[in-house]
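Novice: Below is the file data_16.tsv, which contains TSV, C-alpha atoms.
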```
chain	number	residue	atom	x	y	z
B	16	MET	CA	33.08	52.83	35.87
B	17	ASN	CA	35.25	50.54	33.78
B	18	GLU	CA	38.32	51.75	35.60
B	19	PHE	CA	36.60	51.56	39.00
B	20	PHE	CA	35.43	47.97	38.56
B	21	ALA	CA	38.50	46.71	36.69
B	22	HIS	CA	40.58	47.85	39.66
B	23	LEU	CA	38.37	46.12	42.26
B	24	LEU	CA	37.22	42.95	40.55
B	25	PRO	CA	39.24	39.98	39.28
B	26	ALA	CA	39.68	39.99	35.49
B	27	GLU	CA	37.66	36.79	35.03
B	28	VAL	CA	34.69	38.31	36.88
B	29	TRP	CA	34.92	41.47	34.82
B	30	GLN	CA	35.07	39.46	31.58
B	31	THR	CA	32.33	36.93	32.35
B	32	ARG	CA	29.78	38.99	34.28
B	33	ARG	CA	29.94	42.35	32.53
B	34	VAL	CA	27.07	42.64	30.07
B	35	GLU	CA	27.31	45.15	27.22
B	36	GLU	CA	24.76	46.01	24.57
B	37	ASN	CA	25.35	48.95	22.24
B	38	GLY	CA	27.56	50.69	24.79
B	39	LEU	CA	25.12	50.21	27.67
B	40	CYS	CA	26.78	48.05	30.34
B	41	TYR	CA	25.86	46.49	33.64
B	42	LEU	CA	27.01	44.16	36.38
B	43	GLU	CA	24.71	42.49	38.89
B	44	PHE	CA	25.53	40.99	42.27
B	45	THR	CA	23.29	39.14	44.72
B	46	SER	CA	23.67	38.16	48.36
B	47	GLN	CA	25.39	34.98	47.11
B	48	ASP	CA	28.30	37.10	45.82
B	49	VAL	CA	29.76	37.68	49.28
B	50	GLU	CA	33.41	38.01	48.21
B	51	LEU	CA	32.68	40.23	45.21
B	52	LEU	CA	30.48	42.56	47.25
B	53	HIS	CA	33.18	42.67	49.91
B	54	ARG	CA	35.60	43.90	47.23
B	55	LEU	CA	33.13	46.74	46.57
B	56	GLY	CA	33.02	47.56	50.30
B	57	ILE	CA	29.62	45.98	50.95
B	58	GLU	CA	29.30	43.40	53.72
B	59	VAL	CA	26.56	40.82	53.26
B	60	ASP	CA	24.51	39.89	56.32
B	61	ASN	CA	21.21	38.16	57.02
B	62	LEU	CA	19.27	41.19	55.72
B	63	GLY	CA	21.04	41.63	52.41
B	64	PRO	CA	21.73	43.23	50.13
B	65	ARG	CA	19.48	41.21	47.84
B	66	LEU	CA	20.69	42.94	44.68
B	67	VAL	CA	23.40	45.40	43.69
B	68	ALA	CA	23.17	46.54	40.07
B	69	CYS	CA	25.80	48.75	38.48
B	70	MET	CA	24.90	50.36	35.15
B	71	TRP	CA	26.74	52.74	32.85
B	72	ASN	CA	26.82	54.09	29.31
B	73	GLU	CA	30.13	53.81	27.48
B	74	ARG	CA	28.85	55.51	24.31
B	75	GLU	CA	28.89	59.02	25.72
B	76	PRO	CA	32.12	61.07	25.87
B	77	GLN	CA	31.64	61.44	29.62
B	78	GLU	CA	30.69	58.14	31.20
B	79	ILE	CA	27.22	58.17	32.73
B	80	GLY	CA	26.14	55.51	35.20
B	81	GLY	CA	24.73	54.62	38.56
B	82	TYR	CA	23.90	51.98	41.13
B	83	LEU	CA	20.74	50.38	42.40
B	84	VAL	CA	20.81	48.57	45.74
B	85	VAL	CA	17.90	46.47	46.94
B	86	ASP	CA	18.79	45.90	50.57
B	87	ASN	CA	16.11	43.51	51.76
B	88	VAL	CA	12.55	42.37	51.43
B	89	GLY	CA	12.11	41.26	55.03
B	90	ASP	CA	9.63	43.89	56.21
B	91	GLY	CA	6.89	42.90	53.79
B	92	LEU	CA	7.55	45.76	51.38
B	93	ALA	CA	8.60	45.10	47.82
B	94	PHE	CA	12.11	46.38	48.61
B	95	ASP	CA	14.16	49.11	50.17
B	96	GLY	CA	16.53	50.47	47.59
B	97	TRP	CA	18.43	53.51	46.48
B	98	HIS	CA	20.08	54.52	43.27
B	99	SER	CA	22.53	57.16	42.18
B	100	SER	CA	23.97	58.48	38.96
B	101	PHE	CA	26.71	60.68	40.42
B	102	ALA	CA	30.24	59.67	39.43
B	103	GLU	CA	31.72	60.26	42.87
B	104	VAL	CA	29.19	57.99	44.60
B	105	THR	CA	30.21	54.38	45.25
B	106	PRO	CA	28.14	51.19	45.58
B	107	VAL	CA	28.85	51.06	49.32
B	108	ALA	CA	27.44	54.57	49.80
B	109	ILE	CA	24.20	53.56	48.07
B	110	HIS	CA	24.07	50.34	50.13
B	111	ASN	CA	24.42	52.38	53.31
B	112	LEU	CA	21.56	54.66	52.23
B	113	ALA	CA	19.35	51.67	51.47
B	114	ARG	CA	20.19	50.07	54.83
B	115	ALA	CA	19.53	53.30	56.74
B	116	HIS	CA	16.22	53.72	54.94
B	117	ASP	CA	15.22	50.23	56.03
B	118	GLY	CA	15.43	51.11	59.70
```
Would you give me this structure, written as structure tokens?
Specialist:
Amino acid sequence: MNEFFAHLLPAEVWQTRRVEENGLCYLEFTSQDVELLHRLGIEVDNLGPRLVACMWNEREPQEIGGYLVVDNVGDGLAFDGWHSSFAEVTPVAIHNLARAHDG
């Protein structure tokens, strides 16, 4: 995921927003991060997404990670979200699943 995000995000975002603790890393984005989410292929609208969390483990020889997308809270439910831990899955794919689930 380091390579994926370092390629898509400006260096200052990567350096200031990436949190690492004992090899466990994450980045979080909210609906206020319109430009950053756009760089990840996610378009923000009046529904969301409310939260996009990207998490991975750098301690393992093969990087393990995944995404959690909370699309919206507008229908009275706690949230509509999806997560994935497959390397070939992207944040936009998980966002699309969360949005489709909302309908």
Novice: Using all atoms listed in the file, which of the listed residues (B:Glu73, B:Glu103, B:Glu18, B:Asp86) sits closest to Val34 of chain B?
Specialist: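 Comparing B:Glu73, B:Glu103, B:Glu18, B:Asp86 against Val34 of chain B, the winner is B:Glu73.
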Novice: Excluding Thr45 of chain B and its own-chain neighbours fewer than 4 positions away, which residues fall within 8 Å of it when counting all atoms listed in the file? Please give them as a ChimeraX atom specification.
Specialist: /B:64-67
Novice: Have a look at B:Val59, B:Ala115, B:Val28, B:Leu42 and name the one nearest to Leu83 of chain B; count all atoms listed in the file.
Specialist: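 Ranking B:Val59, B:Ala115, B:Val28, B:Leu42 by distance to Leu83 of chain B, first place goes to B:Leu42.
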Novice: List the spatial neighbours of Asn72 of chain B as a ChimeraX atom specification - criterion: any atom at most 7 Å away, only C-alpha atoms, same-chain residues fewer than 3 positions off excluded.
Specialist: /B:38-40,75,78-80
Novice: Tell me which residues come within 12 Å of (32.3, 57.6, 42.6), as a PDB file with C-alpha atoms, in the frame of the given file, counting all atoms listed in the file in the file's coordinates.
Specialist:
```pdb
ATOM      1  CA  MET B  16      33.080  52.830  35.870  1.00  0.00           C
ATOM      2  CA  ASN B  17      35.250  50.540  33.780  1.00  0.00           C
ATOM      3  CA  GLU B  18      38.320  51.750  35.600  1.00  0.00           C
ATOM      4  CA  PHE B  19      36.600  51.560  39.000  1.00  0.00           C
ATOM      5  CA  PHE B  20      35.430  47.970  38.560  1.00  0.00           C
ATOM      6  CA  LEU B  55      33.130  46.740  46.570  1.00  0.00           C
ATOM      7  CA  CYS B  69      25.800  48.750  38.480  1.00  0.00           C
ATOM      8  CA  GLU B  78      30.690  58.140  31.200  1.00  0.00           C
ATOM      9  CA  ILE B  79      27.220  58.170  32.730  1.00  0.00           C
ATOM     10  CA  GLY B  80      26.140  55.510  35.200  1.00  0.00           C
ATOM     11  CA  GLY B  81      24.730  54.620  38.560  1.00  0.00           C
ATOM     12  CA  TYR B  82      23.900  51.980  41.130  1.00  0.00           C
ATOM     13  CA  SER B  99      22.530  57.160  42.180  1.00  0.00           C
ATOM     14  CA  SER B 100      23.970  58.480  38.960  1.00  0.00           C
ATOM     15  CA  PHE B 101      26.710  60.680  40.420  1.00  0.00           C
ATOM     16  CA  ALA B 102      30.240  59.670  39.430  1.00  0.00           C
ATOM     17  CA  GLU B 103      31.720  60.260  42.870  1.00  0.00           C
ATOM     18  CA  VAL B 104      29.190  57.990  44.600  1.00  0.00           C
ATOM     19  CA  THR B 105      30.210  54.380  45.250  1.00  0.00           C
ATOM     20  CA  PRO B 106      28.140  51.190  45.580  1.00  0.00           C
ATOM     21  CA  VAL B 107      28.850  51.060  49.320  1.00  0.00           C
ATOM     22  CA  ALA B 108      27.440  54.570  49.800  1.00  0.00           C
ATOM     23  CA  ILE B 109      24.200  53.560  48.070  1.00  0.00           C
TER      24      ILE B 109
END
```
Novice: Find the residue from B:Ala26, B:Val85, B:Leu112, B:Ala21 that sits nearest to Ser46 of chain B; use only C-alpha atoms when measuring.
Specialist: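 Smallest separation from Ser46 of chain B among the options: B:Val85.
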Novice: For Arg32 of chain B, which of B:Leu62, B:Val49, B:Ala68, B:Ile57 is the closest residue, counting only C-alpha atoms?
Specialist: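 Ranked by minimum distance to Arg32 of chain B, first place goes to B:Ala68.
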Novice: Could you check how far atom CA of Leu24 of chain B sits from atom CA of Arg54 of chain B, in Å to one decimal?
Specialist: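 Atom-to-atom, atom CA of Leu24 of chain B to atom CA of Arg54 of chain B, that is 6.9 Å.
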Novice: At what distance in Å, to one decimal, does atom CA of Thr31 of chain B lie from atom CA of Pro76 of chain B?
Specialist: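 It comes out at 25.0 Å.
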Novice: Between atom CA of Glu36 of chain B and atom CA of His110 of chain B, what is the distance, to one decimal in Å?
Specialist: 25.9 Å
